[in-house]
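Trainee: Here's a structure for you.
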Amino acid sequence: MRVHLARYQQAALKTLQPAADGTDPVLVPLLGLVGETGSVITAYKKRLRDGADASPSKQQLREELGDVLWYTAAVAHLLGLDLEDVAAASLEKTKDRWRATPGEQRPRFDADYPPHEQLPRRTTVTFTPTLQSDGRTVIVLTREDGSPAGDPLTSASHIEDDYRFHDAFHLAHAAVLGWSPVSRFLLDRKRRSRPGIDEAEDGGRAIAIEEGISALVFAYASRHNYLENLHHVDHELLVTIDHMTAHLEVSVLRAADWEKAIITGYAAWRHLRKHGGGRLELDLDTQTLTFIDP
């Protein structure tokens with residue numbers, strides 16, 4: 001017999017015993033939830049310790065998990081939550097974290113703007129190390145037509161960590177997310193025809209937020225071998241980025257999209273770092289940022 005979660009919760013509550021006088025009614029079901037979860041863990045521990053032959057039966061596991069479900073339904077009710085809503089929200093959260101937005105559903109934030117205000121669907125940006133008269137080596141960015149893209153960059157640090165190549169991260173945001181106020185500035189694609197959008201989405205505050213995200217992720221990446229051989233980042237990092245961009249158009253995208261953009265950006269950055277420069281090909285249609293060997 002198939003049972004809907006709402007019906008299950010209603011049936012489970014018929015066996016919920018009232019709490020003793022002066023006792024928090026949530027406490028006993030909450031402790032029960034912890035205890036039954038421990039029972040499931042204990043059963044699996046025996047499998048690890050004694051081998052598959054000594055593993056608990058499916059019937060035993062079904063009973064243990066059933067107890068977990070009963071206590072979950074009870075705790076949800078006592079906290080004023082509907083179990084079906086909890087389940088739906090859980091699936092939505094999981095989708096946001098682990099499934100990138102399908103191509104046909106990805107928004108084009110500049111689709112209704114003149115071509116010269118749209119991010120180029122495909123272009124290249126060159127990172128060239130250049131010796132300055134004061135003896136410093138800076139990175140000069142140039143667009144596909146040879147014109148400069150922004151100011152020459154150093155790592156702006158007491159310790160050389162090659163942050164001077166960090167515009168690769170912004171280009172990855174543009175390629176994967178279709179969003180990057182910094183890339184719009186570098187490529188001269190700000191949406192000036194709509195002053196409100198230009199100010200709120202492409203202006204100084206949005207640029208500062210994206211630069212802040214770049215610095216935040218770099219601090220994280222520096223503690224994780226600059227994400228080499230990694231395919232995922234900590235969820236807490238993505239939550240922070242979500243909070244930072246909550247008022248911007250990019251907020252409609254998922255955590256999984258941001259993770260893809262971060263991984264893409266660091267793959268390109270590591271190539272630039274290894275070669276001391278080079279060209280990156282940006283392709284919004286394929287959501288790729290490709291290093292071209294100089």
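Labels used: A, B, ... for chains in the order of the structure tokens, numbers from 1 for residues in each chain, and numbers from 1 for ligands as shown.
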If you take only C-alpha atoms and a cut-off of 12 Å, which residues of region 45-130 of chain A touch region 12-23 of chain A, and what are their nearest atom pairs and distances in Å to one decimal, in chain and number order, as a Markdown table?
Mentor:
```
| residue | atom | partner | partner_atom | distance |
| --- | --- | --- | --- | --- |
| A:Gly66 | CA | A:Ala12 | CA | 10.8 |
| A:Asp67 | CA | A:Ala12 | CA | 10.4 |
| A:Val68 | CA | A:Ala12 | CA | 11.8 |
| A:Leu69 | CA | A:Ala12 | CA | 9.4 |
| A:Trp70 | CA | A:Ala12 | CA | 6.3 |
| A:Tyr71 | CA | A:Ala12 | CA | 8.7 |
| A:Thr72 | CA | A:Ala12 | CA | 9.9 |
| A:Ala73 | CA | A:Ala12 | CA | 7.0 |
| A:Ala74 | CA | A:Leu13 | CA | 6.4 |
| A:Val75 | CA | A:Leu13 | CA | 10.0 |
| A:Ala76 | CA | A:Leu13 | CA | 10.5 |
| A:His77 | CA | A:Leu13 | CA | 8.1 |
| A:Leu78 | CA | A:Leu13 | CA | 9.8 |
| A:Asp82 | CA | A:Leu13 | CA | 12.0 |
| A:Leu83 | CA | A:Ala12 | CA | 11.2 |
```
Trainee: Name the residues in contact with Val233 (chain A) at a cut-off of 9 Å, using only C-alpha atoms, excluding same-chain residues fewer than 3 positions from it; report them as a VMD selection string.
Mentor: chain A and resid 220 to 221 227 230 236 to 238 259 262 to 263
Trainee: The selected residues should be written to file as a tab-separated table (two decimals), in the first residue's frame (atoms: N, CA, C and O atoms).
Mentor:
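What ended up in part.tsv:
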```
chain	number	residue	atom	x	y	z
A	220	TYR	N	39.39	30.56	0.03
A	220	TYR	CA	39.00	29.16	0.21
A	220	TYR	C	39.88	28.25	-0.64
A	220	TYR	O	40.40	27.23	-0.16
A	221	ALA	N	40.04	28.61	-1.91
A	221	ALA	CA	40.79	27.76	-2.84
A	221	ALA	C	42.25	27.63	-2.42
A	221	ALA	O	42.86	26.56	-2.61
A	227	LEU	N	41.83	24.09	-5.85
A	227	LEU	CA	40.75	23.24	-6.40
A	227	LEU	C	41.22	22.24	-7.45
A	227	LEU	O	40.40	21.67	-8.19
A	230	LEU	N	39.59	18.72	-7.80
A	230	LEU	CA	38.33	18.78	-7.05
A	230	LEU	C	37.19	19.12	-8.00
A	230	LEU	O	37.36	19.86	-8.96
A	236	GLU	N	28.73	25.60	2.40
A	236	GLU	CA	28.68	26.86	3.14
A	236	GLU	C	29.21	28.02	2.29
A	236	GLU	O	28.72	29.15	2.40
A	237	LEU	N	30.21	27.76	1.46
A	237	LEU	CA	30.74	28.79	0.58
A	237	LEU	C	29.68	29.25	-0.41
A	237	LEU	O	29.51	30.44	-0.66
A	238	LEU	N	28.95	28.30	-0.97
A	238	LEU	CA	27.90	28.63	-1.94
A	238	LEU	C	26.74	29.37	-1.27
A	238	LEU	O	26.13	30.25	-1.88
A	259	GLU	N	28.88	26.59	-8.47
A	259	GLU	CA	29.96	25.62	-8.30
A	259	GLU	C	30.63	25.34	-9.65
A	259	GLU	O	31.87	25.29	-9.74
A	262	ILE	N	32.82	28.29	-10.58
A	262	ILE	CA	34.04	28.33	-9.78
A	262	ILE	C	35.05	27.31	-10.28
A	262	ILE	O	36.23	27.63	-10.48
A	263	ILE	N	34.61	26.09	-10.47
A	263	ILE	CA	35.52	25.04	-10.95
A	263	ILE	C	36.08	25.40	-12.33
A	263	ILE	O	37.28	25.21	-12.60
```
Trainee: Do a neighbour search on region 120-131 of chain A at 6 Å with only C-alpha atoms, toss out local chain neighbours closer than 5 positions, and write the hits as a PyMOL selection string.
Mentor: chain A and resi 136-144+277-284
Trainee: So how far away is CA of Gly276 (chain A) from CA of Val176 (chain A), in Å?
Mentor: 24.0 Å
Trainee: Which residues are close to His247 (chain A), i.e. within 10 Å by only C-alpha atoms, leaving aside same-chain residues fewer than 5 positions away? Reply as a PDB file with C-alpha atoms, in the first residue's frame.
Mentor:
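Output file around.pdb follows:
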```pdb
ATOM      1  CA  ALA A 200      22.047  48.365 -10.009  1.00  0.00           C
ATOM      2  CA  GLU A 201      23.317  45.353 -11.987  1.00  0.00           C
ATOM      3  CA  ALA A 206      27.614  44.916  -8.223  1.00  0.00           C
ATOM      4  CA  ASP A 242      23.877  33.229  -2.475  1.00  0.00           C
ATOM      5  CA  VAL A 252      17.690  33.077  -9.964  1.00  0.00           C
TER       6      VAL A 252
END
```
Trainee: Can you work out the spacing between CA of Ser193 (chain A) and CA of Gly150 (chain A) in Å, to one decimal?
Mentor: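 Here the two named atoms are 21.2 Å from each other.
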Trainee: Rounded to one decimal place, report the CA of Ile292 (chain A)-CA of Asp151 (chain A) distance in Å.
Mentor: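 Here the two named atoms are 22.0 Å from each other.
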Trainee: Looking at A:Leu248, A:Phe218, A:Pro115, A:Ala6, which one is nearest to Glu199 (chain A), with distances taken over only C-alpha atoms?
Mentor: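 Answer, going by the shortest atom-to-atom distance: A:Leu248.
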Trainee: Counting only C-alpha atoms, figure out which residue out of A:Leu65, A:Thr245, A:Ala175, A:Asp50 gets nearest to Glu36 (chain A).
Mentor: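 For Glu36 (chain A), the nearest of the given residues is A:Leu65.
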Trainee: Need to verify the contact set: Phe185 (chain A), 10 Å, only C-alpha atoms, exclusion of same-chain residues closer than 2 positions in sequence. Can you return it as number ranges by chain?
Mentor: A: 149-150, 180-183, 187-191, 202-203, 207
Trainee: Please identify which residues in region 4-235 of chain A DSSP calls alpha helix (DSSP H) from the backbone, and express them as number ranges by chain.
Mentor: A: 5-13, 27-50, 58-78, 83-98, 167-172, 181-186, 195-200, 204-222, 235
